[in-house]
Amino acid sequence: MKSTTIIVFLLFTTLTSCQSKNILTQNNYKLIVDDDGILVEKFDSTVDDENRYNHNNVIYKVGNCFKYKFEHITVDNRKKFFKIIADNSGWEFVNEEDKNQTPIKSLTMEVANGNPLANYIPDNNQTVLIYKLTEDSYSTTGAIENEGNIWIHPPRDKYFEILELNPFPYIKAPYEIGNKWSWNLIIGDMWADGRWKLWQGQIENKYEYEITDKQTLKTDIGKIECFVIESNAISRIGETKLTAYFNVDYGFVKLDYINIDGSKTNLELAEHVEKKNFK
């Protein structure tokens with residue numbers, strides 16, 4: 001983490017159901033710029049509340065679930081989905097009309113309690129997200145939500161590994177048309193796949209974002225007013241793009257990606273449930 005302090009403030013909140021020995025009723029933290037240019041919370045070393053990165057969340061609260069419907073559009077404009085191979089060792093594309101297949105057409109994102117990633121990444125400073133394709137196929141990653149910015153890692157299991165090369169969903173305050181920002185990320189060749197792009201060694205994605213519009217979307221959960229964020233990522237292997245639609249209550253409502261091979265990935269919020277009532 002960089003040591004440059006951007007904002008210092010005092011956040012008052014009432015916390016319930018905390019299990020750490022330092023249960024906070026008054027959260028002191030600083031917003032600092034991390035090595036990638038994203039604003040993250042920085043707590044005093046004596047604060048060990050396992051939910052300290054979650055308490056200030058407005059959208060990605062512990063227990064909240066978001067169900068997204070999904071589709072893949074090929075470069076020749078055919079709609080495809082994918083299925084998980086029986087032993088869970090991989091995946092393959094399937095056509096929507098193939099009645100002998102059980103394609104994945106949606107995924108859910110649940111906000112985890114505590115900080116389970118700290119078991120593997122001791123200094124994890126992100127809210128933990130669990131992406132589920134099925135009950136037996138899921139992955140765990142992170143999000144950052146605070147008054148300075150909201151950034152989430154997209155799903156990256158099975159087919160969704162393709163999204164590692166795209167701009168991540170990200171909005172930076174102030175939420176105003178014309179606001180621009182950037183960041184960068186090093187990506188290894190573990191994300192290479194012959195179904196979209198092969199390369200060797202590391203690449204550096206350089207991202208540019210801009211809030212370009214405000215639109216009302218018609219979705220499965222009603223009409224939602226969204227900020228439109230146009231973004232692109234450029235590296236030595238090519239360019240990808242993301243048009244993201246963000247709402248202050250539901251987060252990233254719609255994500256329209258243009259992938260490294262020219263194909264498209266579309267995700268749209270189909271269900272949103274607060275706390276633990278999601279089924």
# chains A, B, ... in the order shown; residues from 1 in each chain; ligands from 1

$ closest_atom_pairs --of "range 177-230 of chain A" --to "range 255-276 of chain A" --cutoff "8 Å" --atoms "only C-alpha atoms" --output "Markdown table"
| residue | atom | partner | partner_atom | distance |
| --- | --- | --- | --- | --- |
| A:Trp196 | CA | A:Asp261 | CA | 5.4 |
| A:Lys197 | CA | A:Asp261 | CA | 6.8 |
| A:Thr219 | CA | A:Ala270 | CA | 7.0 |
| A:Asp220 | CA | A:Ala270 | CA | 5.2 |
| A:Ile221 | CA | A:Ala270 | CA | 6.3 |

$ closest_atom_pairs --of "range 91-119 of chain A" --to "range 41-49 of chain A" --cutoff "12 Å" --atoms "only C-alpha atoms" --output "JSON lines"
{"residue": "A:Asn113", "atom": "CA", "partner": "A:Asp49", "partner_atom": "CA", "distance": 11.5}
{"residue": "A:Gly114", "atom": "CA", "partner": "A:Asp49", "partner_atom": "CA", "distance": 8.3}
{"residue": "A:Asn115", "atom": "CA", "partner": "A:Asp49", "partner_atom": "CA", "distance": 9.3}
{"residue": "A:Ala118", "atom": "CA", "partner": "A:Asp48", "partner_atom": "CA", "distance": 11.5}

$ write_last_selection --atoms "all heavy atoms" --output "PDB file, in the first residue's frame"
ATOM      1  N   ASN A 113     -19.742 -12.918   5.126  1.00  0.00           N
ATOM      2  CA  ASN A 113     -19.532 -12.385   6.468  1.00  0.00           C
ATOM      3  C   ASN A 113     -18.053 -12.489   6.846  1.00  0.00           C
ATOM      4  O   ASN A 113     -17.361 -13.447   6.488  1.00  0.00           O
ATOM      5  CB  ASN A 113     -20.367 -13.189   7.478  1.00  0.00           C
ATOM      6  CG  ASN A 113     -20.264 -12.628   8.878  1.00  0.00           C
ATOM      7  OD1 ASN A 113     -20.309 -11.419   9.083  1.00  0.00           O
ATOM      8  ND2 ASN A 113     -20.107 -13.505   9.853  1.00  0.00           N
ATOM      9  N   GLY A 114     -17.559 -11.489   7.570  1.00  0.00           N
ATOM     10  CA  GLY A 114     -16.182 -11.541   8.038  1.00  0.00           C
ATOM     11  C   GLY A 114     -15.185 -11.299   6.921  1.00  0.00           C
ATOM     12  O   GLY A 114     -15.443 -10.576   5.962  1.00  0.00           O
ATOM     13  N   ASN A 115     -14.030 -11.960   7.035  1.00  0.00           N
ATOM     14  CA  ASN A 115     -12.947 -11.785   6.065  1.00  0.00           C
ATOM     15  C   ASN A 115     -12.305 -13.137   5.775  1.00  0.00           C
ATOM     16  O   ASN A 115     -11.133 -13.371   6.089  1.00  0.00           O
ATOM     17  CB  ASN A 115     -11.909 -10.803   6.610  1.00  0.00           C
ATOM     18  CG  ASN A 115     -10.888 -10.373   5.567  1.00  0.00           C
ATOM     19  OD1 ASN A 115     -10.921 -10.815   4.424  1.00  0.00           O
ATOM     20  ND2 ASN A 115      -9.970  -9.518   5.970  1.00  0.00           N
ATOM     21  N   ALA A 118      -8.744 -13.701   4.442  1.00  0.00           N
ATOM     22  CA  ALA A 118      -7.584 -13.450   5.299  1.00  0.00           C
ATOM     23  C   ALA A 118      -6.880 -14.738   5.698  1.00  0.00           C
ATOM     24  O   ALA A 118      -5.710 -14.717   6.095  1.00  0.00           O
ATOM     25  CB  ALA A 118      -8.005 -12.675   6.541  1.00  0.00           C
TER      26      ALA A 118
END

$ residues_around --residues "Tyr170 in chain A" --least-positions-apart "6" --cutoff "8 Å" --atoms "only C-alpha atoms" --output "compact mmCIF listing (two decimals) with C-alpha atoms, in the first residue's frame"
# COMPACT_ATOMS: atom_id res chain seq x y z
CA ASN A 149 -14.93 4.69 -4.91
CA ILE A 150 -16.61 1.35 -5.54
CA TRP A 151 -14.60 -1.38 -7.29
CA ILE A 152 -15.45 -5.04 -7.67

$ residues_around --residues "Trp191 in chain A" --least-positions-apart "4" --cutoff "8 Å" --atoms "only C-alpha atoms" --output "JSON, numbers by chain"
{"A": [161, 162, 164, 187]}

$ closest_residue --among "A:His72, A:Lys83, A:Lys218, A:Arg156" --to "Gly142 in chain A" --atoms "only C-alpha atoms"
A:Arg156

$ select_by_dssp --residues "range 62-123 of chain A" --states "strand (DSSP E or B)" --output "ChimeraX atom specification"
/A:65-73,79-84,91-95,104,106-111

$ residues_around --residues "range 88-95 of chain A" --least-positions-apart "6" --cutoff "7 Å" --atoms "only C-alpha atoms" --output "list in words"
Lys80, Phe81, Phe82, Pro103, Lys158 and Tyr159 of chain A

$ closest_residue --among "A:Tyr29, A:Phe227, A:Tyr207, A:Tyr138" --to "Ile171 in chain A" --atoms "only C-alpha atoms"
A:Phe227
